[in-house]
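**Student:** Structure file model_15.txt (compact mmCIF, C-alpha atoms) is given on the next line.
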# COMPACT_ATOMS: atom_id res chain seq x y z
CA MET A 1 20.07 -18.95 36.70
CA ILE A 2 20.06 -17.16 33.35
CA GLN A 3 18.40 -18.93 30.44
CA VAL A 4 20.02 -18.47 27.03
CA ARG A 5 18.43 -19.00 23.61
CA TYR A 6 19.91 -19.15 20.14
CA PHE A 7 18.07 -18.77 16.84
CA ALA A 8 18.52 -19.50 13.16
CA SER A 9 22.04 -19.78 11.74
CA LEU A 10 23.58 -19.02 15.12
CA ARG A 11 21.61 -21.86 16.70
CA GLU A 12 22.86 -24.21 13.98
CA ARG A 13 26.44 -23.03 14.30
CA ILE A 14 26.39 -23.55 18.07
CA GLY A 15 24.61 -26.85 17.69
CA ARG A 16 21.92 -26.33 20.34
CA ASP A 17 19.07 -23.92 20.97
CA THR A 18 19.43 -23.25 24.69
CA ASP A 19 22.07 -22.84 27.38
CA SER A 20 22.05 -21.65 30.95
CA VAL A 21 24.52 -19.74 33.12
CA GLU A 22 24.76 -19.13 36.86
CA ALA A 23 23.71 -15.52 37.40
CA THR A 24 26.62 -14.97 39.80
CA ARG A 25 29.13 -15.58 36.99
CA VAL A 26 27.95 -12.78 34.72
CA ARG A 27 27.20 -9.08 34.86
CA THR A 28 26.33 -8.24 31.25
CA VAL A 29 24.97 -9.85 28.09
CA ALA A 30 28.51 -9.87 26.70
CA ASP A 31 29.63 -11.82 29.80
CA VAL A 32 26.96 -14.44 29.14
CA TRP A 33 28.38 -15.06 25.69
CA GLN A 34 31.94 -15.03 26.94
CA VAL A 35 31.29 -17.57 29.70
CA LEU A 36 29.45 -19.93 27.36
CA HIS A 37 31.75 -19.53 24.36
CA PRO A 38 35.20 -18.64 25.70
CA GLN A 39 36.92 -19.75 22.48
CA GLN A 40 34.50 -18.01 20.13
CA PRO A 41 34.01 -14.25 19.94
CA MET A 42 30.42 -13.14 19.40
CA PRO A 43 29.90 -12.81 15.60
CA ALA A 44 29.99 -9.15 14.60
CA ASN A 45 26.39 -8.82 13.49
CA THR A 46 24.84 -10.77 16.39
CA LEU A 47 21.69 -9.25 17.89
CA CYS A 48 20.99 -9.57 21.61
CA ALA A 49 17.75 -9.53 23.60
CA VAL A 50 17.02 -9.68 27.32
CA ASN A 51 13.53 -10.81 28.26
CA MET A 52 12.47 -10.35 24.64
CA ASP A 53 13.64 -6.75 24.28
CA TYR A 54 16.58 -5.75 22.12
CA VAL A 55 19.61 -4.65 24.16
CA ASP A 56 23.28 -3.83 23.69
CA PRO A 57 25.82 -6.47 24.71
CA SER A 58 26.89 -4.14 27.52
CA SER A 59 23.43 -4.33 29.13
CA PRO A 60 23.22 -5.88 32.60
CA VAL A 61 21.61 -9.25 33.25
CA THR A 62 20.06 -10.47 36.49
CA ASP A 63 18.96 -13.81 37.88
CA GLY A 64 15.94 -15.22 36.04
CA ASP A 65 16.55 -13.28 32.82
CA GLU A 66 16.14 -14.84 29.40
CA VAL A 67 19.00 -13.81 27.13
CA ALA A 68 18.82 -14.43 23.38
CA PHE A 69 21.44 -14.28 20.64
CA PHE A 70 20.54 -14.30 16.99
CA PRO A 71 21.67 -13.19 13.53
CA PRO A 72 20.17 -10.29 11.52
CA VAL A 73 16.47 -10.84 10.97
CA THR A 74 15.02 -11.71 7.58
CA GLY A 75 11.26 -11.78 7.96
CA GLY A 76 8.53 -10.17 5.91
CA MET B 1 -16.40 22.92 -36.26
CA ILE B 2 -15.01 22.64 -32.74
CA GLN B 3 -16.94 20.48 -30.27
CA VAL B 4 -17.03 21.70 -26.68
CA ARG B 5 -17.80 19.67 -23.56
CA TYR B 6 -18.49 20.69 -19.96
CA PHE B 7 -18.34 18.49 -16.88
CA ALA B 8 -19.53 18.40 -13.29
CA SER B 9 -20.33 21.67 -11.52
CA LEU B 10 -19.33 23.69 -14.59
CA ARG B 11 -21.76 21.69 -16.71
CA GLU B 12 -24.51 22.37 -14.19
CA ARG B 13 -23.66 26.06 -13.96
CA ILE B 14 -23.73 26.46 -17.75
CA GLY B 15 -26.87 24.36 -17.99
CA ARG B 16 -25.79 22.08 -20.86
CA ASP B 17 -23.03 19.55 -21.50
CA THR B 18 -21.98 20.43 -25.03
CA ASP B 19 -21.52 23.40 -27.34
CA SER B 20 -19.92 23.94 -30.72
CA VAL B 21 -18.04 26.81 -32.33
CA GLU B 22 -17.03 27.56 -35.92
CA ALA B 23 -13.28 26.92 -36.12
CA THR B 24 -12.76 30.13 -38.07
CA ARG B 25 -13.94 32.21 -35.09
CA VAL B 26 -11.30 31.00 -32.62
CA ARG B 27 -7.56 30.61 -32.38
CA THR B 28 -7.06 29.32 -28.81
CA VAL B 29 -8.89 27.46 -26.05
CA ALA B 30 -9.44 30.79 -24.30
CA ASP B 31 -11.09 32.13 -27.46
CA VAL B 32 -13.49 29.19 -27.43
CA TRP B 33 -14.66 30.10 -23.95
CA GLN B 34 -14.83 33.79 -24.79
CA VAL B 35 -16.96 33.28 -27.90
CA LEU B 36 -19.37 30.97 -26.09
CA HIS B 37 -19.57 32.92 -22.82
CA PRO B 38 -18.89 36.56 -23.66
CA GLN B 39 -20.54 37.77 -20.42
CA GLN B 40 -18.84 35.21 -18.13
CA PRO B 41 -15.06 35.01 -17.54
CA MET B 42 -13.70 31.48 -17.27
CA PRO B 43 -13.73 30.51 -13.56
CA ALA B 44 -10.24 30.80 -12.09
CA ASN B 45 -9.70 27.10 -11.39
CA THR B 46 -11.15 25.78 -14.66
CA LEU B 47 -9.17 22.99 -16.30
CA CYS B 48 -8.97 22.73 -20.08
CA ALA B 49 -8.38 19.80 -22.41
CA VAL B 50 -8.03 19.52 -26.17
CA ASN B 51 -8.68 16.09 -27.65
CA MET B 52 -8.55 14.63 -24.14
CA ASP B 53 -5.16 16.04 -23.19
CA TYR B 54 -4.70 18.76 -20.60
CA VAL B 55 -3.68 22.10 -22.13
CA ASP B 56 -3.29 25.73 -21.15
CA PRO B 57 -6.02 28.17 -22.19
CA SER B 58 -3.51 29.75 -24.55
CA SER B 59 -3.15 26.53 -26.55
CA PRO B 60 -4.27 26.63 -30.20
CA VAL B 61 -7.35 24.83 -31.45
CA THR B 62 -8.03 23.61 -34.97
CA ASP B 63 -11.05 22.42 -36.90
CA GLY B 64 -12.37 19.08 -35.61
CA ASP B 65 -10.89 19.44 -32.11
CA GLU B 66 -12.78 18.46 -29.00
CA VAL B 67 -12.31 21.11 -26.29
CA ALA B 68 -13.35 20.39 -22.69
CA PHE B 69 -13.77 22.68 -19.67
CA PHE B 70 -14.15 21.31 -16.16
CA PRO B 71 -13.57 22.09 -12.47
CA PRO B 72 -10.78 20.60 -10.30
CA VAL B 73 -11.03 16.81 -10.27
CA THR B 74 -12.14 14.88 -7.20
CA GLY B 75 -11.80 11.18 -8.02
CA GLY B 76 -10.18 8.35 -6.09
CA MET C 1 -6.21 -4.38 15.82
CA LYS C 2 -5.05 -7.92 15.21
CA ILE C 3 -1.64 -9.56 15.01
CA ASP C 4 -1.44 -13.16 13.95
CA ILE C 5 1.56 -15.44 13.54
CA THR C 6 0.54 -18.64 11.87
CA ASP C 7 2.22 -21.85 10.75
CA ARG C 8 -0.61 -22.56 8.31
CA PRO C 9 -0.95 -21.13 4.79
CA PHE C 10 -3.21 -18.07 4.78
CA ASP C 11 -5.19 -16.24 2.14
CA PRO C 12 -4.56 -12.51 2.61
CA TRP C 13 -7.79 -11.48 0.88
CA GLN C 14 -9.82 -13.78 3.06
CA CYS C 15 -8.06 -12.43 6.18
CA ILE C 16 -8.82 -8.86 5.14
CA GLN C 17 -12.46 -9.56 4.37
CA THR C 18 -13.00 -11.39 7.65
CA HIS C 19 -11.29 -8.69 9.68
CA GLN C 20 -13.11 -5.90 7.89
CA ARG C 21 -16.47 -7.60 8.42
CA ASP C 22 -15.81 -8.25 12.11
CA ALA C 23 -14.02 -5.08 13.13
CA LEU C 24 -14.98 -2.19 10.85
CA GLU C 25 -18.16 -0.34 10.05
CA PRO C 26 -18.78 0.12 6.32
CA GLY C 27 -18.59 3.83 5.55
CA SER C 28 -16.14 4.53 8.37
CA HIS C 29 -12.88 4.20 6.48
CA GLY C 30 -12.04 6.18 3.36
CA ALA C 31 -8.62 4.67 2.75
CA MET C 32 -6.92 1.37 3.22
CA THR C 33 -3.53 0.07 2.20
CA VAL C 34 -2.31 -3.48 1.97
CA PHE C 35 1.12 -4.98 1.62
CA VAL C 36 1.47 -8.66 0.81
CA GLY C 37 4.90 -10.26 0.71
CA SER C 38 5.01 -13.67 -0.95
CA MET C 39 7.61 -16.36 -1.34
CA ARG C 40 9.35 -16.16 -4.69
CA ASP C 41 10.68 -19.22 -6.50
CA PHE C 42 14.08 -17.58 -7.02
CA ASN C 43 16.48 -15.45 -4.99
CA GLU C 44 20.01 -14.24 -5.55
CA GLY C 45 19.97 -15.97 -8.92
CA ASP C 46 19.04 -19.43 -7.61
CA GLU C 47 15.85 -21.43 -7.79
CA VAL C 48 14.21 -21.69 -4.38
CA GLN C 49 12.17 -24.85 -3.86
CA ALA C 50 10.95 -24.37 -0.30
CA MET C 51 11.51 -22.17 2.73
CA GLU C 52 11.54 -22.54 6.47
CA LEU C 53 10.62 -19.49 8.51
CA GLU C 54 11.82 -19.48 12.10
CA HIS C 55 10.75 -16.94 14.71
CA TYR C 56 11.27 -16.19 18.39
CA PRO C 57 7.91 -17.09 19.95
CA GLY C 58 6.92 -14.44 22.44
CA MET C 59 9.40 -11.80 21.34
CA THR C 60 8.02 -11.67 17.81
CA GLU C 61 4.45 -11.05 18.99
CA ARG C 62 5.63 -8.50 21.54
CA PHE C 63 7.69 -6.68 18.94
CA LEU C 64 4.86 -6.52 16.41
CA GLN C 65 2.43 -5.37 19.09
CA ARG C 66 4.75 -2.48 19.93
CA LEU C 67 5.09 -1.56 16.28
CA ALA C 68 1.33 -1.53 15.92
CA ASP C 69 1.02 0.69 19.01
CA GLU C 70 3.66 3.05 17.68
CA ALA C 71 1.92 3.28 14.29
CA GLY C 72 -1.34 4.05 16.09
CA GLN C 73 0.34 6.88 17.92
CA ARG C 74 2.08 8.36 14.90
CA TRP C 75 -0.78 8.22 12.45
CA SER C 76 -4.53 8.54 12.57
CA LEU C 77 -5.64 4.94 12.04
CA LEU C 78 -8.95 3.15 12.36
CA ASP C 79 -7.55 -0.36 12.48
CA LEU C 80 -4.71 -2.58 11.40
CA LEU C 81 -4.06 -6.21 10.74
CA ILE C 82 -0.71 -7.99 10.59
CA VAL C 83 -0.42 -11.65 9.64
CA HIS C 84 2.95 -13.40 9.35
CA ARG C 85 3.62 -16.96 8.33
CA VAL C 86 6.16 -19.23 10.04
CA GLY C 87 7.16 -22.85 9.46
CA TYR C 88 7.45 -24.55 6.07
CA LEU C 89 6.50 -22.57 2.95
CA GLN C 90 6.14 -23.29 -0.74
CA PRO C 91 6.87 -20.78 -3.54
CA GLY C 92 3.90 -18.47 -4.05
CA ASP C 93 2.80 -18.72 -0.41
CA PRO C 94 2.01 -15.41 1.24
CA ILE C 95 4.57 -14.63 3.96
CA VAL C 96 3.31 -11.38 5.39
CA LEU C 97 0.19 -9.24 5.24
CA VAL C 98 -0.02 -5.70 6.59
CA ALA C 99 -3.40 -3.98 6.20
CA VAL C 100 -4.13 -0.48 7.50
CA TRP C 101 -7.50 1.28 7.62
CA SER C 102 -7.73 5.04 7.97
CA ALA C 103 -9.93 7.99 7.10
CA HIS C 104 -7.25 9.39 4.79
CA ARG C 105 -4.75 7.95 2.38
CA LEU C 106 -1.63 9.62 3.71
CA ASP C 107 -1.97 7.93 7.09
CA ALA C 108 -2.79 4.60 5.47
CA TYR C 109 0.26 4.69 3.17
CA GLU C 110 2.73 5.99 5.73
CA ALA C 111 1.71 3.63 8.52
CA ASN C 112 1.79 0.61 6.22
CA ARG C 113 5.26 1.42 4.98
CA PHE C 114 6.50 2.12 8.50
CA LEU C 115 5.16 -1.22 9.74
CA MET C 116 6.75 -3.17 6.89
CA GLU C 117 10.12 -1.44 7.15
CA ALA C 118 10.28 -1.98 10.90
CA LEU C 119 9.07 -5.56 10.58
CA LYS C 120 11.69 -6.38 7.96
CA SER C 121 14.55 -4.68 9.75
CA ARG C 122 13.82 -5.69 13.36
CA ALA C 123 11.13 -8.35 13.87
CA PRO C 124 12.74 -11.66 14.91
CA PHE C 125 12.03 -13.90 11.93
CA TRP C 126 14.61 -15.84 9.92
CA LYS C 127 14.32 -17.42 6.50
CA LYS C 128 16.10 -20.58 5.44
CA GLU C 129 15.84 -21.37 1.76
CA GLN C 130 15.98 -24.79 0.15
CA THR C 131 17.67 -24.09 -3.16
CA SER C 132 18.93 -26.23 -6.01
CA CYS C 133 22.38 -25.77 -4.40
CA GLY C 134 21.21 -26.94 -0.95
CA PRO C 135 19.86 -25.15 2.12
CA ARG C 136 20.98 -21.64 3.04
CA TRP C 137 20.00 -19.01 5.54
CA VAL C 138 19.00 -15.66 4.05
CA GLU C 139 21.64 -13.39 5.51
CA LYS C 140 20.08 -9.99 5.27
CA ASN C 141 16.89 -8.35 4.08
CA THR C 142 17.19 -5.87 1.25
CA PRO C 143 16.99 -2.35 2.62
CA GLY C 144 13.75 -0.62 1.73
CA TYR C 145 14.01 3.13 2.09
CA GLY C 146 16.92 5.44 2.50
CA ALA C 147 19.50 2.87 1.46
CA MET D 1 -1.87 -4.46 -16.80
CA LYS D 2 -5.56 -3.69 -16.54
CA ILE D 3 -7.52 -0.47 -16.18
CA ASP D 4 -11.22 -0.72 -15.56
CA ILE D 5 -13.81 2.01 -15.13
CA THR D 6 -17.08 0.52 -14.00
CA ASP D 7 -20.55 1.78 -13.11
CA ARG D 8 -21.25 -1.39 -11.10
CA PRO D 9 -20.22 -2.07 -7.49
CA PHE D 10 -16.97 -4.04 -7.37
CA ASP D 11 -15.27 -6.20 -4.75
CA PRO D 12 -11.60 -5.19 -4.67
CA TRP D 13 -10.48 -8.53 -3.20
CA GLN D 14 -12.29 -10.45 -5.91
CA CYS D 15 -10.76 -8.20 -8.59
CA ILE D 16 -7.28 -8.79 -7.19
CA GLN D 17 -7.72 -12.54 -6.95
CA THR D 18 -9.08 -12.79 -10.46
CA HIS D 19 -6.35 -10.63 -11.93
CA GLN D 20 -3.63 -12.43 -10.04
CA ARG D 21 -4.91 -15.81 -11.15
CA ASP D 22 -5.20 -14.75 -14.79
CA ALA D 23 -2.11 -12.59 -15.19
CA LEU D 24 0.59 -13.58 -12.70
CA GLU D 25 2.63 -16.68 -12.05
CA PRO D 26 2.69 -17.74 -8.39
CA GLY D 27 6.24 -17.37 -7.12
CA SER D 28 7.03 -14.52 -9.52
CA HIS D 29 6.15 -11.57 -7.32
CA GLY D 30 7.66 -10.96 -3.90
CA ALA D 31 5.77 -7.80 -3.09
CA MET D 32 2.41 -6.31 -3.78
CA THR D 33 0.66 -3.20 -2.55
CA VAL D 34 -2.99 -2.31 -2.63
CA PHE D 35 -4.85 0.91 -2.08
CA VAL D 36 -8.61 0.85 -1.71
CA GLY D 37 -10.53 4.10 -1.41
CA SER D 38 -14.10 3.71 -0.20
CA MET D 39 -17.06 6.02 0.14
CA ARG D 40 -17.42 7.30 3.68
CA ASP D 41 -20.79 8.14 5.22
CA PHE D 42 -19.56 11.57 6.33
CA ASN D 43 -17.46 14.39 4.87
CA GLU D 44 -16.68 17.93 5.98
CA GLY D 45 -18.78 17.32 9.09
CA ASP D 46 -21.94 16.25 7.24
CA GLU D 47 -23.62 12.92 6.80
CA VAL D 48 -23.32 11.71 3.21
CA GLN D 49 -26.16 9.48 2.06
CA ALA D 50 -25.16 8.78 -1.53
CA MET D 51 -22.71 9.90 -4.17
CA GLU D 52 -22.63 10.39 -7.89
CA LEU D 53 -19.30 9.99 -9.62
CA GLU D 54 -18.98 11.64 -13.01
CA HIS D 55 -16.07 11.12 -15.40
CA TYR D 56 -14.94 12.15 -18.86
CA PRO D 57 -15.34 8.96 -20.90
CA GLY D 58 -12.32 8.51 -23.11
CA MET D 59 -10.07 11.05 -21.42
CA THR D 60 -10.22 9.26 -18.08
CA GLU D 61 -9.13 5.93 -19.57
CA ARG D 62 -6.44 7.65 -21.62
CA PHE D 63 -5.12 9.50 -18.59
CA LEU D 64 -5.00 6.37 -16.41
CA GLN D 65 -3.31 4.41 -19.18
CA ARG D 66 -0.58 7.05 -19.39
CA LEU D 67 -0.14 7.01 -15.63
CA ALA D 68 0.23 3.24 -15.71
CA ASP D 69 2.79 3.50 -18.50
CA GLU D 70 4.73 6.13 -16.59
CA ALA D 71 4.72 4.00 -13.42
CA GLY D 72 6.01 1.06 -15.46
CA GLN D 73 8.88 3.21 -16.74
CA ARG D 74 9.82 4.67 -13.36
CA TRP D 75 9.65 1.49 -11.28
CA SER D 76 10.34 -2.18 -11.80
CA LEU D 77 6.83 -3.63 -11.87
CA LEU D 78 5.42 -7.01 -12.79
CA ASP D 79 1.84 -5.90 -13.19
CA LEU D 80 -0.75 -3.40 -12.09
CA LEU D 81 -4.50 -3.15 -11.82
CA ILE D 82 -6.59 0.01 -11.52
CA VAL D 83 -10.35 -0.13 -11.01
CA HIS D 84 -12.42 3.03 -10.56
CA ARG D 85 -16.12 3.26 -9.92
CA VAL D 86 -18.43 5.79 -11.60
CA GLY D 87 -22.18 6.40 -11.38
CA TYR D 88 -24.27 6.11 -8.22
CA LEU D 89 -22.58 4.94 -5.01
CA GLN D 90 -23.69 4.06 -1.50
CA PRO D 91 -21.61 4.63 1.66
CA GLY D 92 -19.09 1.83 2.11
CA ASP D 93 -18.81 1.17 -1.63
CA PRO D 94 -15.26 0.89 -2.94
CA ILE D 95 -14.44 3.83 -5.21
CA VAL D 96 -10.92 3.03 -6.36
CA LEU D 97 -8.54 0.09 -6.30
CA VAL D 98 -4.85 0.35 -7.20
CA ALA D 99 -2.87 -2.89 -6.99
CA VAL D 100 0.81 -3.16 -7.90
CA TRP D 101 2.88 -6.33 -8.19
CA SER D 102 6.67 -6.22 -8.08
CA ALA D 103 9.68 -8.26 -7.10
CA HIS D 104 10.53 -5.79 -4.34
CA ARG D 105 8.58 -3.73 -1.86
CA LEU D 106 10.10 -0.35 -2.59
CA ASP D 107 8.84 -0.39 -6.18
CA ALA D 108 5.44 -1.69 -5.10
CA TYR D 109 4.98 1.04 -2.47
CA GLU D 110 6.31 3.91 -4.52
CA ALA D 111 4.42 3.07 -7.69
CA ASN D 112 1.15 2.62 -5.81
CA ARG D 113 1.48 5.97 -4.08
CA PHE D 114 2.45 7.69 -7.32
CA LEU D 115 -0.57 6.26 -9.13
CA MET D 116 -2.98 7.29 -6.37
CA GLU D 117 -1.58 10.80 -6.04
CA ALA D 118 -1.68 11.41 -9.77
CA LEU D 119 -5.14 9.87 -10.06
CA LYS D 120 -6.51 12.06 -7.28
CA SER D 121 -4.91 15.26 -8.50
CA ARG D 122 -5.41 14.91 -12.28
CA ALA D 123 -7.71 12.10 -13.42
CA PRO D 124 -11.01 13.54 -14.69
CA PHE D 125 -13.50 12.27 -12.11
CA TRP D 126 -15.91 14.43 -10.10
CA LYS D 127 -17.86 13.57 -6.96
CA LYS D 128 -21.25 14.93 -6.11
CA GLU D 129 -22.45 14.13 -2.60
CA GLN D 130 -26.02 13.76 -1.44
CA THR D 131 -25.87 15.07 2.12
CA SER D 132 -28.46 15.79 4.79
CA CYS D 133 -28.16 19.44 3.66
CA GLY D 134 -28.80 18.64 -0.01
CA PRO D 135 -26.55 17.82 -2.98
CA ARG D 136 -23.09 19.35 -3.33
CA TRP D 137 -20.08 18.93 -5.56
CA VAL D 138 -16.86 18.02 -3.78
CA GLU D 139 -14.68 21.01 -4.63
CA LYS D 140 -11.19 19.70 -4.12
CA ASN D 141 -9.41 16.52 -3.11
CA THR D 142 -7.31 16.66 0.03
CA PRO D 143 -3.67 16.94 -0.92
CA GLY D 144 -1.74 13.77 -0.18
CA TYR D 145 1.97 14.40 -0.06
CA GLY D 146 4.00 17.50 0.09
CA ALA D 147 1.07 19.69 1.09
Would it be possible to restate this file's structure as structure tokens?

**Tutor:**
Amino acid sequence: MIQVRYFASLRERIGRDTDSVEATRVRTVADVWQVLHPQQPMPANTLCAVNMDYVDPSSPVTDGDEVAFFPPVTGG
Amino acid sequence: MIQVRYFASLRERIGRDTDSVEATRVRTVADVWQVLHPQQPMPANTLCAVNMDYVDPSSPVTDGDEVAFFPPVTGG
Amino acid sequence: MKIDITDRPFDPWQCIQTHQRDALEPGSHGAMTVFVGSMRDFNEGDEVQAMELEHYPGMTERFLQRLADEAGQRWSLLDLLIVHRVGYLQPGDPIVLVAVWSAHRLDAYEANRFLMEALKSRAPFWKKEQTSCGPRWVEKNTPGYGA
Amino acid sequence: MKIDITDRPFDPWQCIQTHQRDALEPGSHGAMTVFVGSMRDFNEGDEVQAMELEHYPGMTERFLQRLADEAGQRWSLLDLLIVHRVGYLQPGDPIVLVAVWSAHRLDAYEANRFLMEALKSRAPFWKKEQTSCGPRWVEKNTPGYGA
């Protein structure tokens, strides 16, 4: 299973903070989004992380990974 | 009269912290040094001020001015 | 080196003094730089009454730790301290503290600026403002350098 | 804006807190930068036991005031504080404090760096070190940027 997390405005837009996907259904981070949100393209400025490292949407995912989607950061 | 001040290592080298020169004897800052230290050229890195503003040695001086000579600064 | 993410208000000057007392020898550091970012009571022309600061627990710490390591490799540093607030903030509250100790000022300035720029552009924190016109997410940090 | 030349030891964090409390509204400033230069117990490979800091009373204040004015013209600043020690110092003693308050970090960083570079290269202060090999005048400050 792949655990999925959403943060900030993206979390609010989606209406929940976590999801999960069967690892066999997805190959990349972009697939994870696509499977979970088939009607909703990933917003243009969305940032992606796998296991808490920034990655491109084309990066591979494997069973047990934590994938995160979030908007541009605004800390500091 | 022109009041002259020395600071730091230059003050120690000269052995006093003030001098004075008759205004009629000098036209520029360089003249002030020359009149007071005829045997001793101004050290190459000496900084000069007239009335507490940095100036070139070629700058004019007039009666009542305070002229200062000092080495490179090392504050902060 | 210390990195602290806290949901309680913090006093940057107290944090610096405590860290300096515990971690640094007096006489060892010639130069230190500090950046403190605080919550303003206005933004984009609107009054801001309160703020919520969200982060990604785990990733945020990991990201800041890497930044600190990178700064330590790029510049000659004696120590550094990063404190970042999360949770509910009031105007005037400190949000972020970056303190850098070095032998020389160039390293202290450059590393501090690097840490803040990287933190603001990439560390996973998000601000939600409570304004007189309702709540809103801050969409984008102002670019610092080279923009 | 405050410029202070003092022959007494000062606590930079106390100076900042006092100035901030007296001169700045909480919530007004989003960014502040601080530089603190302290006396190290070594220099050029030698142990330094004490230091004497000479200045040119009158010209030093005038020079720092002009620097502060220039910084205020070049950057968007809310306030600034410069404290510089003179007289007899012990290792670990703060020598100089430059604190800059602004709405935005770029102004706070740039103005602070400008003030420190100009202070170090042109403000009439001179250091004389008491080392294990006797007293010596520091001949030249290390260049900061562009050197």

**Student:** Could you write out as a compact mmCIF listing (two decimals) with C-alpha atoms, in the frame of the given file the residues of chain D within 12 Å of chain B, counting all atoms listed in the file?

**Tutor:**
# COMPACT_ATOMS: atom_id res chain seq x y z
CA ILE D 5 -13.81 2.01 -15.13
CA PHE D 35 -4.85 0.91 -2.08
CA VAL D 36 -8.61 0.85 -1.71
CA GLY D 37 -10.53 4.10 -1.41
CA SER D 38 -14.10 3.71 -0.20
CA MET D 39 -17.06 6.02 0.14
CA MET D 51 -22.71 9.90 -4.17
CA GLU D 52 -22.63 10.39 -7.89
CA LEU D 53 -19.30 9.99 -9.62
CA GLU D 54 -18.98 11.64 -13.01
CA HIS D 55 -16.07 11.12 -15.40
CA TYR D 56 -14.94 12.15 -18.86
CA PRO D 57 -15.34 8.96 -20.90
CA GLY D 58 -12.32 8.51 -23.11
CA MET D 59 -10.07 11.05 -21.42
CA THR D 60 -10.22 9.26 -18.08
CA GLU D 61 -9.13 5.93 -19.57
CA ARG D 62 -6.44 7.65 -21.62
CA PHE D 63 -5.12 9.50 -18.59
CA LEU D 64 -5.00 6.37 -16.41
CA ARG D 66 -0.58 7.05 -19.39
CA ILE D 82 -6.59 0.01 -11.52
CA VAL D 83 -10.35 -0.13 -11.01
CA HIS D 84 -12.42 3.03 -10.56
CA ARG D 85 -16.12 3.26 -9.92
CA VAL D 86 -18.43 5.79 -11.60
CA GLY D 87 -22.18 6.40 -11.38
CA PRO D 94 -15.26 0.89 -2.94
CA ILE D 95 -14.44 3.83 -5.21
CA VAL D 96 -10.92 3.03 -6.36
CA LEU D 97 -8.54 0.09 -6.30
CA VAL D 98 -4.85 0.35 -7.20
CA LEU D 115 -0.57 6.26 -9.13
CA MET D 116 -2.98 7.29 -6.37
CA GLU D 117 -1.58 10.80 -6.04
CA ALA D 118 -1.68 11.41 -9.77
CA LEU D 119 -5.14 9.87 -10.06
CA LYS D 120 -6.51 12.06 -7.28
CA SER D 121 -4.91 15.26 -8.50
CA ARG D 122 -5.41 14.91 -12.28
CA ALA D 123 -7.71 12.10 -13.42
CA PRO D 124 -11.01 13.54 -14.69
CA PHE D 125 -13.50 12.27 -12.11
CA TRP D 126 -15.91 14.43 -10.10
CA LYS D 127 -17.86 13.57 -6.96
CA LYS D 128 -21.25 14.93 -6.11
CA GLU D 129 -22.45 14.13 -2.60
CA PRO D 135 -26.55 17.82 -2.98
CA ARG D 136 -23.09 19.35 -3.33
CA TRP D 137 -20.08 18.93 -5.56
CA VAL D 138 -16.86 18.02 -3.78
CA GLU D 139 -14.68 21.01 -4.63
CA LYS D 140 -11.19 19.70 -4.12
CA ASN D 141 -9.41 16.52 -3.11
CA THR D 142 -7.31 16.66 0.03
CA PRO D 143 -3.67 16.94 -0.92
CA GLY D 144 -1.74 13.77 -0.18

**Student:** With 10 Å as the limit and counting all atoms listed in the file, what residues in chain D lie close to chain C? Please list them as a count of residues only.

**Tutor:** 54

**Student:** So, counting all atoms listed in the file, which residue among D:Ser76, D:Gln20, D:Gln65, D:Thr131 is closest to Gln49 of chain D?

**Tutor:** D:Thr131

**Student:** Separation of atom CA of Val4 of chain B and atom CA of Glu70 of chain D, in Å?

**Tutor:** 28.6 Å

**Student:** Report, in Å with one decimal, the straight-line distance from atom CA of Ala30 of chain A to atom CA of Pro57 of chain A.

**Tutor:** 4.8 Å

**Student:** Could you jot down the atom CA of Ile14 of chain B to atom CA of Thr46 of chain B separation for me, Å, one decimal place?

**Tutor:**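 Result for atom CA of Ile14 of chain B versus atom CA of Thr46 of chain B: 13.0 Å, one decimal.
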
**Student:** Please work out which residues fall within 9 Å of (21.5, -24.4, 28.1), coordinates as given in the file, with all atoms listed in the file counting, and return them as a list in words.

**Tutor:**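 Residues satisfying the cut-off, written out: Gln3, Val4, Arg5, Arg16, Asp17, Thr18, Asp19, Ser20 and Val21 of chain A.
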